[in-house]
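As provided, upload_39.cif (mmCIF, C-alpha atoms and all ligand atoms) reads as follows.
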```cif
data_run
loop_
_atom_site.label_atom_id
_atom_site.label_comp_id
_atom_site.auth_asym_id
_atom_site.auth_seq_id
_atom_site.Cartn_x
_atom_site.Cartn_y
_atom_site.Cartn_z
CA MET B 1 7.65 21.15 35.36
CA LYS B 2 5.79 20.53 38.62
CA ASP B 3 2.67 21.85 36.86
CA THR B 4 3.18 19.56 33.89
CA PHE B 5 3.58 16.36 35.89
CA ASN B 6 1.13 17.11 38.71
CA ASP B 7 2.03 15.31 41.91
CA ALA B 8 4.78 13.05 40.49
CA ALA B 9 8.17 13.04 42.21
CA LEU B 10 10.64 14.75 39.85
CA PHE B 11 14.42 14.47 39.84
CA LEU B 12 16.79 16.34 37.56
CA THR B 13 19.56 13.93 36.61
CA HIS B 14 22.85 14.16 34.74
CA SER B 15 21.19 12.20 31.89
CA ALA B 16 18.17 10.12 30.96
CA THR B 17 20.58 7.18 31.14
CA GLY B 18 21.13 7.99 34.84
CA GLY B 19 17.35 8.13 35.35
CA LEU B 20 16.94 4.68 33.79
CA GLU B 21 19.66 3.34 36.08
CA ILE B 22 17.81 4.69 39.11
CA ILE B 23 14.67 2.91 37.88
CA ALA B 24 16.61 -0.37 37.53
CA THR B 25 17.78 0.04 41.14
CA LEU B 26 14.28 0.81 42.38
CA LEU B 27 12.92 -2.28 40.60
CA ASP B 28 15.60 -4.29 42.37
CA ILE B 29 16.56 -5.98 39.12
CA GLN B 30 18.26 -9.33 39.77
CA PRO B 31 20.23 -11.57 37.39
CA GLY B 32 17.75 -13.48 35.25
CA ASP B 33 14.92 -10.94 35.50
CA GLU B 34 13.56 -9.99 32.11
CA ILE B 35 12.84 -6.62 30.65
CA ILE B 36 10.78 -6.04 27.51
CA VAL B 37 12.18 -3.35 25.27
CA PRO B 38 11.94 -2.39 21.59
CA SER B 39 14.91 -3.44 19.51
CA PHE B 40 14.79 -0.10 17.69
CA THR B 41 16.00 2.14 20.51
CA PHE B 42 19.05 3.74 22.06
CA VAL B 43 21.30 1.42 24.01
CA SER B 44 20.44 3.01 27.39
CA SER B 45 16.83 1.76 27.24
CA ALA B 46 18.18 -1.76 27.68
CA ASN B 47 21.62 -1.26 29.17
CA ALA B 48 20.40 0.31 32.43
CA PHE B 49 18.61 -2.96 33.26
CA VAL B 50 21.11 -5.34 31.66
CA SER B 51 23.92 -3.84 33.73
CA ARG B 52 22.04 -5.12 36.81
CA GLY B 53 21.71 -8.62 35.31
CA ALA B 54 18.44 -8.42 33.38
CA ILE B 55 17.88 -10.35 30.17
CA PRO B 56 16.65 -8.05 27.41
CA VAL B 57 13.65 -9.35 25.49
CA PHE B 58 13.56 -7.33 22.28
CA ILE B 59 10.37 -6.62 20.40
CA ASP B 60 9.89 -5.54 16.79
CA ILE B 61 8.36 -2.17 15.94
CA ASN B 62 5.18 -1.05 14.27
CA PRO B 63 6.46 0.35 10.93
CA ASP B 64 3.86 3.15 11.01
CA THR B 65 5.02 4.66 14.30
CA LEU B 66 8.47 3.06 14.77
CA ASN B 67 7.35 2.31 18.34
CA ILE B 68 7.27 -1.08 20.05
CA ASP B 69 4.60 -3.28 18.42
CA GLU B 70 2.12 -3.51 21.27
CA ASN B 71 0.53 -6.59 19.70
CA LEU B 72 3.71 -8.62 20.18
CA ILE B 73 4.30 -7.76 23.83
CA GLU B 74 2.10 -10.37 25.51
CA LYS B 75 3.82 -13.26 23.69
CA ALA B 76 7.11 -12.16 25.23
CA ILE B 77 5.94 -12.01 28.86
CA THR B 78 7.13 -14.73 31.25
CA THR B 79 7.05 -15.11 35.03
CA LYS B 80 10.44 -13.35 35.08
CA THR B 81 9.27 -10.21 33.28
CA LYS B 82 9.75 -7.18 35.51
CA ALA B 83 8.91 -4.25 33.27
CA ILE B 84 8.08 -3.01 29.80
CA VAL B 85 10.12 -0.12 28.49
CA ALA B 86 7.85 1.89 26.20
CA MET B 87 10.13 4.14 24.18
CA HIS B 88 8.32 6.94 22.38
CA TYR B 89 10.21 7.14 19.11
CA ALA B 90 10.74 10.73 17.95
CA GLY B 91 8.33 11.74 20.73
CA HIS B 92 5.45 9.91 19.04
CA PRO B 93 3.44 8.19 21.73
CA CYS B 94 3.31 4.43 22.10
CA ASP B 95 -0.15 2.93 22.55
CA LEU B 96 -0.01 3.63 26.28
CA VAL B 97 -3.60 2.59 26.98
CA LYS B 98 -2.97 -0.88 25.60
CA ILE B 99 0.50 -1.23 27.13
CA ASN B 100 -0.76 -0.02 30.50
CA ALA B 101 -3.55 -2.60 30.42
CA ILE B 102 -1.00 -5.35 29.64
CA CYS B 103 1.15 -4.20 32.58
CA LYS B 104 -1.81 -4.23 34.96
CA LYS B 105 -2.99 -7.65 33.75
CA HIS B 106 0.44 -9.24 34.25
CA ASN B 107 1.44 -7.21 37.30
CA ILE B 108 4.53 -5.69 35.71
CA TYR B 109 5.86 -2.15 35.73
CA LEU B 110 5.59 0.38 32.93
CA VAL B 111 8.69 2.46 32.23
CA GLU B 112 8.29 5.25 29.70
CA ASP B 113 11.48 6.10 27.89
CA ALA B 114 10.37 9.57 26.78
CA ALA B 115 13.96 10.64 26.12
CA MET B 116 12.80 12.27 22.87
CA GLY B 117 9.37 13.19 24.16
CA PHE B 118 9.53 16.47 26.05
CA GLY B 119 6.49 18.53 25.06
CA ALA B 120 4.56 15.68 23.38
CA MET B 121 1.15 14.50 24.54
CA TYR B 122 -0.94 11.34 24.51
CA ASN B 123 -4.69 11.59 25.18
CA ASN B 124 -4.17 15.13 26.50
CA LEU B 125 -1.57 14.08 29.05
CA PRO B 126 2.16 14.70 28.63
CA LEU B 127 4.44 11.79 27.80
CA GLY B 128 6.12 10.84 31.04
CA SER B 129 2.95 10.95 33.10
CA TRP B 130 1.71 7.46 32.21
CA GLY B 131 4.38 5.07 33.44
CA ASP B 132 5.22 3.95 36.97
CA PHE B 133 8.47 5.66 36.04
CA SER B 134 9.56 7.79 33.10
CA VAL B 135 12.63 9.56 31.82
CA ILE B 136 13.11 12.55 29.56
CA SER B 137 16.47 13.53 28.08
CA PHE B 138 17.80 17.08 27.99
CA ASP B 139 20.86 16.08 26.00
CA ILE B 140 22.06 18.58 23.37
CA THR B 141 20.43 16.41 20.68
CA LYS B 142 16.97 16.98 22.18
CA GLN B 143 14.36 19.70 21.57
CA ILE B 144 14.89 21.22 25.01
CA ASN B 145 18.40 20.72 26.30
CA SER B 146 20.76 21.52 29.11
CA ILE B 147 23.72 20.28 27.01
CA GLN B 148 23.60 17.15 29.13
CA GLY B 149 20.78 16.27 31.48
CA GLY B 150 17.64 14.35 32.17
CA LEU B 151 14.46 14.19 34.18
CA LEU B 152 13.30 11.19 36.17
CA ILE B 153 9.56 11.10 36.83
CA VAL B 154 8.31 8.76 39.54
CA ASN B 155 4.53 8.41 39.31
CA ASN B 156 4.23 5.26 41.42
CA LYS B 157 3.96 6.47 45.01
CA LYS B 158 5.35 3.19 46.38
CA PHE B 159 8.84 4.26 45.30
CA VAL B 160 8.89 7.90 46.36
CA GLN B 161 10.61 7.39 49.71
CA ARG B 162 13.34 5.15 48.33
CA VAL B 163 14.10 7.15 45.19
CA ASN B 164 15.27 10.07 47.33
CA ASN B 165 17.96 7.89 48.87
CA VAL B 166 19.07 6.26 45.62
CA TYR B 167 19.28 9.71 43.96
CA HIS B 168 21.39 11.09 46.82
CA LEU B 169 24.25 8.55 46.63
CA GLY B 170 22.34 6.04 48.76
CA THR B 171 22.07 8.40 51.73
CA ASN B 172 19.09 9.76 53.66
CA ARG B 173 20.23 13.31 52.97
CA ILE B 174 16.69 14.52 52.26
CA GLU B 175 15.53 13.45 55.71
CA PHE B 176 18.47 15.38 57.15
CA GLN B 177 17.56 18.47 55.11
CA GLN B 178 14.02 18.18 56.41
CA ASN B 179 15.35 18.06 59.99
CA ASN B 180 13.99 14.56 60.52
CA VAL B 181 17.41 13.13 61.44
CA GLN B 182 20.49 14.72 63.04
CA TYR B 183 22.93 13.64 60.34
CA TYR B 184 22.71 11.76 57.10
CA GLU B 185 24.20 8.36 56.52
CA TRP B 186 24.46 5.50 54.06
CA VAL B 187 21.10 3.70 53.91
CA ASP B 188 20.78 2.22 50.40
CA ILE B 189 22.62 1.73 47.14
CA GLY B 190 22.76 4.78 44.93
CA SER B 191 25.04 7.09 43.03
CA LYS B 192 25.66 10.72 42.16
CA TYR B 193 22.82 11.19 39.73
CA GLN B 194 22.09 14.91 40.14
CA MET B 195 22.22 17.44 37.34
CA ASN B 196 24.92 19.99 38.03
CA GLU B 197 24.05 23.66 38.49
CA LEU B 198 25.54 24.90 35.22
CA ASN B 199 23.42 22.44 33.26
CA ALA B 200 20.41 23.37 35.40
CA ALA B 201 20.90 27.08 34.59
CA ILE B 202 20.95 26.29 30.86
CA LEU B 203 17.86 24.14 31.25
CA PHE B 204 16.07 26.95 33.10
CA GLU B 205 16.68 29.33 30.21
CA GLN B 206 15.53 26.71 27.68
CA LEU B 207 12.36 25.98 29.63
CA GLN B 208 11.49 29.69 29.67
CA ASN B 209 11.59 29.59 25.86
CA ALA B 210 10.14 26.09 25.47
CA ALA B 211 6.84 27.15 23.92
CA SER B 212 8.49 29.06 21.07
CA ILE B 213 11.18 26.40 20.52
CA LEU B 214 8.56 23.65 20.23
CA LEU B 215 6.31 25.78 18.00
CA HIS B 216 9.22 26.51 15.65
CA ARG B 217 9.97 22.79 15.37
CA LYS B 218 6.30 21.95 14.72
CA LYS B 219 6.16 24.56 11.95
CA LEU B 220 9.35 23.23 10.36
CA SER B 221 7.98 19.68 10.50
CA GLN B 222 4.79 20.80 8.77
CA HIS B 223 6.88 22.64 6.17
CA TYR B 224 9.06 19.57 5.51
CA TYR B 225 5.88 17.51 5.20
CA ASN B 226 4.19 19.90 2.75
CA ARG B 227 7.32 20.08 0.61
CA LEU B 228 7.89 16.32 0.53
CA VAL B 229 4.37 14.91 0.33
CA HIS B 230 4.53 14.78 -3.48
CA LEU B 231 7.45 12.35 -3.22
CA GLU B 232 5.39 10.22 -0.87
CA ASN B 233 2.40 10.32 -3.22
CA THR B 234 4.61 9.10 -6.05
CA GLY B 235 5.99 6.24 -3.94
CA LYS B 236 9.57 7.50 -3.69
CA ILE B 237 9.67 7.98 0.07
CA LYS B 238 7.51 7.40 3.12
CA LEU B 239 6.81 10.23 5.55
CA VAL B 240 5.72 10.30 9.15
CA SER B 241 1.95 9.82 9.20
CA LYS B 242 -0.04 13.06 9.05
CA LYS B 243 -1.79 12.38 12.35
CA LEU B 244 1.58 12.27 14.16
CA LEU B 245 2.66 15.66 12.82
CA SER B 246 1.16 17.68 15.70
CA ASN B 247 3.63 15.94 18.04
CA ASN B 248 6.54 16.02 15.62
CA ILE B 249 8.98 18.13 17.57
CA HIS B 250 12.05 15.98 17.96
CA GLU B 251 13.17 15.09 14.44
CA PHE B 252 11.94 14.83 10.89
CA TYR B 253 12.66 11.52 9.23
CA ILE B 254 11.94 10.02 5.84
CA ILE B 255 11.98 6.34 4.89
CA LEU B 256 13.58 5.37 1.60
CA ASN B 257 12.69 2.31 -0.46
CA SER B 258 16.06 0.61 -0.03
CA PHE B 259 19.31 0.76 1.90
CA GLU B 260 21.21 1.68 -1.29
CA GLU B 261 18.88 4.62 -1.97
CA ARG B 262 19.18 5.82 1.64
CA GLU B 263 22.95 5.74 1.41
CA THR B 264 23.24 7.44 -1.98
CA LEU B 265 20.82 10.19 -0.89
CA ARG B 266 22.67 10.63 2.41
CA ILE B 267 26.00 10.99 0.60
CA PHE B 268 24.46 13.35 -1.99
CA LEU B 269 23.12 15.57 0.82
CA SER B 270 26.43 15.45 2.62
CA LYS B 271 28.26 16.59 -0.55
CA ASN B 272 25.86 19.54 -0.57
CA LYS B 273 26.68 20.31 3.06
CA VAL B 274 23.51 18.86 4.57
CA GLU B 275 24.07 16.47 7.41
CA ALA B 276 21.39 13.77 7.42
CA LEU B 277 21.80 10.94 9.89
CA PHE B 278 20.45 7.48 10.54
CA HIS B 279 20.10 5.20 13.55
CA TYR B 280 19.60 2.74 15.37
CA ILE B 281 21.55 -0.45 14.79
CA PRO B 282 18.89 -2.95 15.99
CA LEU B 283 19.74 -4.02 19.52
CA HIS B 284 18.82 -7.65 18.84
CA LEU B 285 21.44 -7.71 16.04
CA SER B 286 24.13 -5.90 17.99
CA PHE B 287 27.15 -7.71 19.44
CA LEU B 288 25.86 -7.87 23.03
CA GLY B 289 22.17 -8.08 22.14
CA LYS B 290 22.77 -11.26 20.13
CA LYS B 291 24.69 -12.81 22.99
CA ILE B 292 22.26 -12.16 25.82
CA GLY B 293 18.85 -11.23 24.40
CA ARG B 294 15.79 -12.80 22.80
CA TYR B 295 13.76 -11.30 19.96
CA PHE B 296 10.08 -11.38 19.06
CA GLY B 297 8.92 -10.13 15.71
CA GLY B 298 9.70 -9.87 12.04
CA LYS B 299 11.97 -7.66 9.97
CA HIS B 300 10.52 -4.16 10.53
CA THR B 301 13.25 -3.06 12.93
CA GLU B 302 16.01 -4.15 10.57
CA GLN B 303 14.26 -2.70 7.53
CA ILE B 304 13.68 0.71 9.15
CA SER B 305 17.22 0.84 10.49
CA ARG B 306 18.51 0.39 6.91
CA THR B 307 16.17 2.89 5.24
CA ILE B 308 15.54 5.74 7.69
CA LEU B 309 17.12 9.14 7.08
CA ARG B 310 16.82 11.99 9.59
CA LEU B 311 16.76 15.46 8.10
CA PRO B 312 18.07 18.48 10.03
CA LEU B 313 15.54 19.88 12.52
CA HIS B 314 16.63 22.32 15.20
CA SER B 315 16.05 25.80 16.53
CA ASP B 316 18.52 27.52 14.19
CA ILE B 317 17.06 26.17 10.96
CA THR B 318 14.80 28.39 8.87
CA GLU B 319 12.04 27.55 6.41
CA ASP B 320 14.35 28.73 3.60
CA GLN B 321 16.88 26.13 4.66
CA VAL B 322 14.18 23.46 4.66
CA ASP B 323 13.36 24.63 1.11
CA TYR B 324 17.03 24.15 0.19
CA ILE B 325 17.23 20.67 1.75
CA THR B 326 13.98 19.48 0.20
CA SER B 327 14.99 20.92 -3.22
CA LEU B 328 18.12 18.81 -3.04
CA ILE B 329 15.98 15.75 -2.37
CA TYR B 330 13.87 16.58 -5.45
CA THR B 331 17.05 16.99 -7.49
CA TYR B 332 18.24 13.60 -6.28
CA PHE B 333 14.99 12.00 -7.46
CA ASN B 334 15.08 13.98 -10.68
CA ASP B 335 11.65 15.30 -9.84
CA LYS B 336 10.09 18.71 -9.35
CA ILE B 337 8.18 20.04 -6.42
CA SER B 338 4.52 20.53 -7.34
CA SER B 339 3.11 23.93 -6.43
C1 LIG B 401 15.42 6.56 23.40
C2 LIG B 401 16.53 7.08 24.24
N1 LIG B 401 16.66 6.68 25.52
C3 LIG B 401 17.63 7.14 26.31
C4 LIG B 401 18.56 8.04 25.84
C5 LIG B 401 19.65 8.50 26.75
O1 LIG B 401 19.56 9.87 26.98
P1 LIG B 401 20.79 10.64 27.66
O2 LIG B 401 21.75 10.97 26.57
O3 LIG B 401 20.18 11.87 28.28
O4 LIG B 401 21.37 9.73 28.66
C6 LIG B 401 18.48 8.48 24.52
C7 LIG B 401 19.48 9.43 24.00
O5 LIG B 401 19.51 9.79 22.86
C8 LIG B 401 17.45 8.00 23.69
O6 LIG B 401 17.32 8.38 22.41
#
```
Could you render the structure as structure tokens?
Ligand SMILES: Cc1ncc(COP(=O)(O)O)c(C=O)c1O
Amino acid sequence: MKDTFNDAALFLTHSATGGLEIIATLLDIQPGDEIIVPSFTFVSSANAFVSRGAIPVFIDINPDTLNIDENLIEKAITTKTKAIVAMHYAGHPCDLVKINAICKKHNIYLVEDAAMGFGAMYNNLPLGSWGDFSVISFDITKQINSIQGGLLIVNNKKFVQRVNNVYHLGTNRIEFQQNNVQYYEWVDIGSKYQMNELNAAILFEQLQNAASILLHRKKLSQHYYNRLVHLENTGKIKLVSKKLLSNNIHEFYIILNSFEERETLRIFLSKNKVEALFHYIPLHLSFLGKKIGRYFGGKHTEQISRTILRLPLHSDITEDQVDYITSLIYTYFNDKISS
């Protein structure tokens, strides 16, 4: 991974959540600071900062990418804004050029939540190499996994010294290991963020096979797309846009026309032993989000949350199984796949 992320400082963590918490510590988040985050994301994207007192400022998504709507971000910036969390939904890149320019203009930090983004690229650079800080998740639900685990990427050199201490329980253990001090001691706040060795061994094996795992997922995504495009052309579903397919390695989702249709299709698939899932409950409509956050945008987040359906995509699935799943979807719509 050193090759992938050039001269960034890399830290294997017990989770991407842990990595985000380290970032919140490094940014010295204080009560009342604000953090800009999409509403359509996993709770950790916001919680890591909120747990240190930040106010989450939620932004609607672009319905074509399901990523934060970069055109709404500037309206949400105040003098208290500390960082923008750019979460790459399904590993599809946010508009990092635009978001980076906004960060520079307003002197705020860019955090890439690339939890779903291992192996995906933006402008020929891997996701995770654009932000001041980034995280990748190696949870079992991700394309490359260590059962549980994460990677923290620190690209901003200003934080490299301190991150070592925060990562090592708030001690200067690294300086001790480098023979710069005679013993290590408590020098900062921190916690036990490291990935354990069993998880690291699993990750090592996965990384050795990463190219073939990612290729298999790309092929399956293309196969899903080819099989389902007729339903998109006839207005029954919406698919991920064709130009995003080359990076489609994390999941394969479809968007239905209504909540009722999503639910009846999901239950129909489940009765036929196909587990299709949905997420996220919009953070700005969640119990805590409503209490402490603000929201900028329209109804895209809510609409997508009610109509998205994630079809099975993992290393053990075959093209024949994708044929079976997509045939069920055709049966549901009382339609036939065109050859
Ligand atoms: C967008 C996003 N951020 C953060 C996380 C947290 O990752 P982890 O489970 O490794 O803590 C997830 C997990 O699914 C996620 O989807």
Contacts of range 30-104 of chain B with range 117-132 of chain B up to 8 Å, shortest pair per row, all atoms listed in the file, as a tab-separated table:
```
residue	atom	partner	partner_atom	distance
B:His88	CA	B:Gly117	CA	6.6
B:Tyr89	CA	B:Gly117	CA	7.9
B:Ala90	CA	B:Gly117	CA	6.8
B:Gly91	CA	B:Gly117	CA	3.9
B:His92	CA	B:Gly117	CA	7.2
B:Pro93	CA	B:Tyr122	CA	6.1
B:Leu96	CA	B:Trp130	CA	7.3
B:Asn100	CA	B:Gly131	CA	7.8
```
Could the residues of range 92-139 of chain B that have an atom at most 6 Å from range 15-37 of chain B be listed as a tab-separated table, each with its closest atom pair and the distance in Å to one decimal, counting only C-alpha atoms and ordered by chain and ascending residue number?
```
residue	atom	partner	partner_atom	distance
B:Val135	CA	B:Ala16	CA	5.6
B:Ile136	CA	B:Ala16	CA	5.8
B:Ser137	CA	B:Ala16	CA	4.8
```
Please work out which residues fall within 10 Å of (5.1, 9.5, 39.5), coordinates as given in the file, with all atoms listed in the file counting, and return them as a PyMOL selection string.
chain B and resi 5-10+128-134+152-160
Point out the residue among B:Lys273, B:His284, B:His250, B:Lys75 with the least atom-to-atom distance to ligand LIG 401 (chain B), counting all atoms listed in the file.
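Going through B:Lys273, B:His284, B:His250, B:Lys75 one by one, the smallest distance to ligand LIG 401 (chain B) is for B:His250.
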Pick out the closest residue to ligand LIG 401 (chain B) from this set: B:Gly149, B:Phe40, B:Arg52, B:Cys103. Count all atoms listed in the file.
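Once distances to ligand LIG 401 (chain B) are computed over all atoms listed in the file, the minimum belongs to B:Gly149.
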What does the distance from CA of Arg294 in chain B to CA of Leu309 in chain B come to in Å, to one decimal?
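Rounded to one decimal, the two atoms are 27.0 Å apart.
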List the neighbours of Lys299 in chain B out to 9 Å using only C-alpha atoms; skip same-chain residues closer than 3 positions along the sequence, and give me the result as a ChimeraX atom specification.
/B:60-61,302-304
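For the pair CA of Thr78 in chain B and CA of Val57 in chain B, the separation is 10.2 Å.
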Tell me which of B:His279, B:Asn226, B:Leu110, B:Gly190 sits closest to ligand LIG 401 (chain B), counting only C-alpha atoms and all ligand atoms.
B:His279
Please compute the atom O5 of ligand LIG 401 (chain B)-CA of Asp188 in chain B distance, one decimal, in Å.
28.6 Å
Neighbours of Thr171 in chain B within 8 Å (all atoms listed in the file; same-chain residues fewer than 4 positions away dropped), as a PyMOL selection string?
chain B and resi 165-166+184-188+190
If we count only C-alpha atoms and set the cut-off at 7 Å, which residues sit around Leu313 in chain B, ignoring sequence neighbours fewer than 3 positions away in its own chain? Please answer as a short mmCIF file (atom, residue, chain, number, x, y, z; two decimals) with C-alpha atoms, in the frame of the given file.
```cif
data_model
loop_
_atom_site.label_atom_id
_atom_site.label_comp_id
_atom_site.auth_asym_id
_atom_site.auth_seq_id
_atom_site.Cartn_x
_atom_site.Cartn_y
_atom_site.Cartn_z
CA ARG B 217 9.97 22.79 15.37
CA GLU B 251 13.17 15.09 14.44
CA PHE B 252 11.94 14.83 10.89
CA ILE B 317 17.06 26.17 10.96
#
```
With only C-alpha atoms as the atoms that count, which of B:Thr301, B:Gln143, B:Pro282, B:Asp335 lies nearest to Asp316 in chain B?
B:Gln143
Taking all atoms listed in the file into account, name the residue in B:Ser45, B:Ser305, B:Ser270, B:Ser286 that is nearest to Ile325 in chain B.
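Looking only at the distances to Ile325 in chain B, the closest residue turns out to be B:Ser270.
Restricting the calculation to all atoms listed in the file, the smallest distance between Ile144 in chain B and any of B:Tyr324, B:Ala200, B:Ala276, B:Ala76 is found for B:Ala200.
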For Asp64 in chain B, find every residue with an atom within 10 Å (counting all atoms listed in the file), except residues of its own chain fewer than 5 positions away, and show them as a PyMOL selection string.
chain B and resi 69+238-241+244+300
Draw an axis-aligned box over all listed atoms of range 269-288 of chain B, pad each side with 6 Å, and write its centre and edge lengths in Å, one decimal, as JSON.
```
{"center_x": 23.5, "center_y": 6.2, "center_z": 11.2, "size_x": 21.4, "size_y": 40.2, "size_z": 35.6}
```
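Residues in contact with Phe268 in chain B at up to 12 Å, not including ones fewer than 3 positions away on its chain and judged by all atoms listed in the file, are B:Glu261, B:Arg262, B:Glu263, B:Thr264, B:Leu265, B:Lys271, B:Asn272, B:Lys273, B:Val274, B:Glu275, B:Ala276, B:Ile325, B:Leu328, B:Ile329, B:Tyr330, B:Thr331, B:Tyr332, B:Phe333.
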